[in-house]
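The next block holds one structure in the form of structure tokens; read it before the comments.
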Amino acid sequence: MKRAPLLTLLLLSVLTGCSCEKEPEIDSAFLESTAVGLQIKGTTLFSYDPLTCQLGYGYDTNQFRASNDNGTEFFTLTCDKLPVSKGQTVKGDLVFTRGNGTGKESGLKLTVEKVQGDLIWLWNSSKQIAVCVQILR
């Protein structure tokens, strides 16, 4: 009879421990990089190389674009407002190349993780999307 309360307590503690799962965080190496780029679930899908890539920014649309010279690899992030300060949250639509096709994520809630000059690092924890964009002035 004394085993039932002990078993219940043990089961309850296991279930409670499982429910405290830590939310994913942006990859620290991505944050340390100064290259415009896109990473999803730890996999880099695009990394800007000034010798073979191009950047664009639309002031009126808050749209950031990055692509290789022939356009086979790219991403475009359109934000509802300009991300400018750490901790700020913006809503964004992302279009990107994935393998032989394209991917799209709409209505992403992105948090500004870092701002350094014209570079801005954004993060969506639920989809584990990290993106670094540059405002061209």
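Chain labels follow the order of the structure tokens: the first chain is A, the next B, and so on; residue numbering restarts at 1 in every chain, and ligands are counted from 1 in their shown order.
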**Study point:** DSSP-assigned helix (DSSP H, G or I) members of segment 10-128 of chain A, reported as a list in words
**Key:** Leu10, Leu11, Leu12, Ser13, Val14, Leu15, Thr16, Gly17, Cys18, Ser28, Ala29, Phe30, Leu31 and Glu32 of chain A
Could those selected residues go to a file with C-alpha atoms, as an mmCIF file, in the first residue's frame?
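Final output, again39.cif:
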```cif
data_model
loop_
_atom_site.group_PDB
_atom_site.id
_atom_site.type_symbol
_atom_site.label_atom_id
_atom_site.label_comp_id
_atom_site.auth_asym_id
_atom_site.auth_seq_id
_atom_site.Cartn_x
_atom_site.Cartn_y
_atom_site.Cartn_z
ATOM 1 C CA LEU A 10 8.037 9.298 -8.984
ATOM 2 C CA LEU A 11 5.799 9.409 -12.055
ATOM 3 C CA LEU A 12 4.785 12.984 -11.304
ATOM 4 C CA SER A 13 8.395 14.114 -10.956
ATOM 5 C CA VAL A 14 9.352 12.463 -14.271
ATOM 6 C CA LEU A 15 6.449 14.137 -16.071
ATOM 7 C CA THR A 16 7.245 17.501 -14.533
ATOM 8 C CA GLY A 17 10.891 17.207 -15.565
ATOM 9 C CA CYS A 18 9.931 16.444 -19.157
ATOM 10 C CA SER A 28 26.418 31.060 -31.346
ATOM 11 C CA ALA A 29 28.715 30.520 -34.360
ATOM 12 C CA PHE A 30 26.049 32.077 -36.600
ATOM 13 C CA LEU A 31 25.881 35.080 -34.263
ATOM 14 C CA GLU A 32 29.668 35.461 -34.394
#
```
Point to revise | Non-local contacts of Lys109 of chain A (7 Å; only C-alpha atoms; under 6 positions in same chain excluded) as a ChimeraX atom specification | key: /A:89-92,124
Point to revise | Within 8 Å of Lys104 of chain A using only C-alpha atoms, minus same-chain residues under 3 positions, as a count of residues only | key: 4
Point to revise | Close residues, segment 62-67 of chain A itself excluded, 6 Å, only C-alpha atoms, min 6 positions apart in chain, as an NGL selection string | key: :A and (53-56 or 73-79 or 82)
Just to be explicit: take each residue in the selection above, keep N, CA and C atoms, and write the result as a compact mmCIF listing (two decimals), in the first residue's frame.
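Dumped to out.txt:
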```
# COMPACT_ATOMS: atom_id res chain seq x y z
N CYS A 53 28.40 36.88 -54.89
CA CYS A 53 27.01 37.12 -54.48
C CYS A 53 26.65 38.60 -54.58
N GLN A 54 25.34 38.85 -54.48
CA GLN A 54 24.82 40.20 -54.52
C GLN A 54 23.85 40.40 -53.37
N LEU A 55 23.75 41.65 -52.91
CA LEU A 55 22.80 42.01 -51.86
C LEU A 55 21.87 43.10 -52.37
N GLY A 56 20.66 43.12 -51.82
CA GLY A 56 19.73 44.19 -52.14
C GLY A 56 18.90 44.52 -50.90
N GLU A 73 20.93 30.33 -55.90
CA GLU A 73 20.83 30.28 -54.44
C GLU A 73 20.49 31.68 -53.95
N PHE A 74 19.45 31.78 -53.11
CA PHE A 74 19.03 33.10 -52.67
C PHE A 74 18.14 33.00 -51.44
N PHE A 75 17.92 34.14 -50.82
CA PHE A 75 16.83 34.29 -49.86
C PHE A 75 16.36 35.73 -49.90
N THR A 76 15.08 35.90 -49.61
CA THR A 76 14.45 37.21 -49.53
C THR A 76 13.65 37.26 -48.25
N LEU A 77 13.88 38.26 -47.45
CA LEU A 77 13.13 38.45 -46.20
C LEU A 77 12.45 39.81 -46.26
N THR A 78 11.12 39.78 -46.17
CA THR A 78 10.33 41.01 -46.17
C THR A 78 9.74 41.18 -44.77
N CYS A 79 10.07 42.28 -44.12
CA CYS A 79 9.64 42.53 -42.73
C CYS A 79 8.52 43.57 -42.69
N LEU A 82 11.17 47.90 -39.99
CA LEU A 82 12.62 47.79 -40.02
C LEU A 82 13.15 47.28 -38.68
```
**Study point:** Test item, strand (DSSP E) assignment across segment 49-100 of chain A, answer as an NGL selection string
**Key:** :A and (53-58 or 63-68 or 74-79 or 89-98)
Practice item. Excluding Leu51 of chain A and any residue of its chain fewer than 3 positions from it, enumerate the residues within 10 Å of it, using only C-alpha atoms, and give them as a list in words. Key: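 My reading of the contact set: Tyr48, Gln54, Asn68 and Asp69 of chain A.
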Exercise for review: Record the distance separating atom CA of Pro24 of chain A and atom CA of Gly101 of chain A, expressed in Å with one decimal.
Suggested key: 26.5 Å
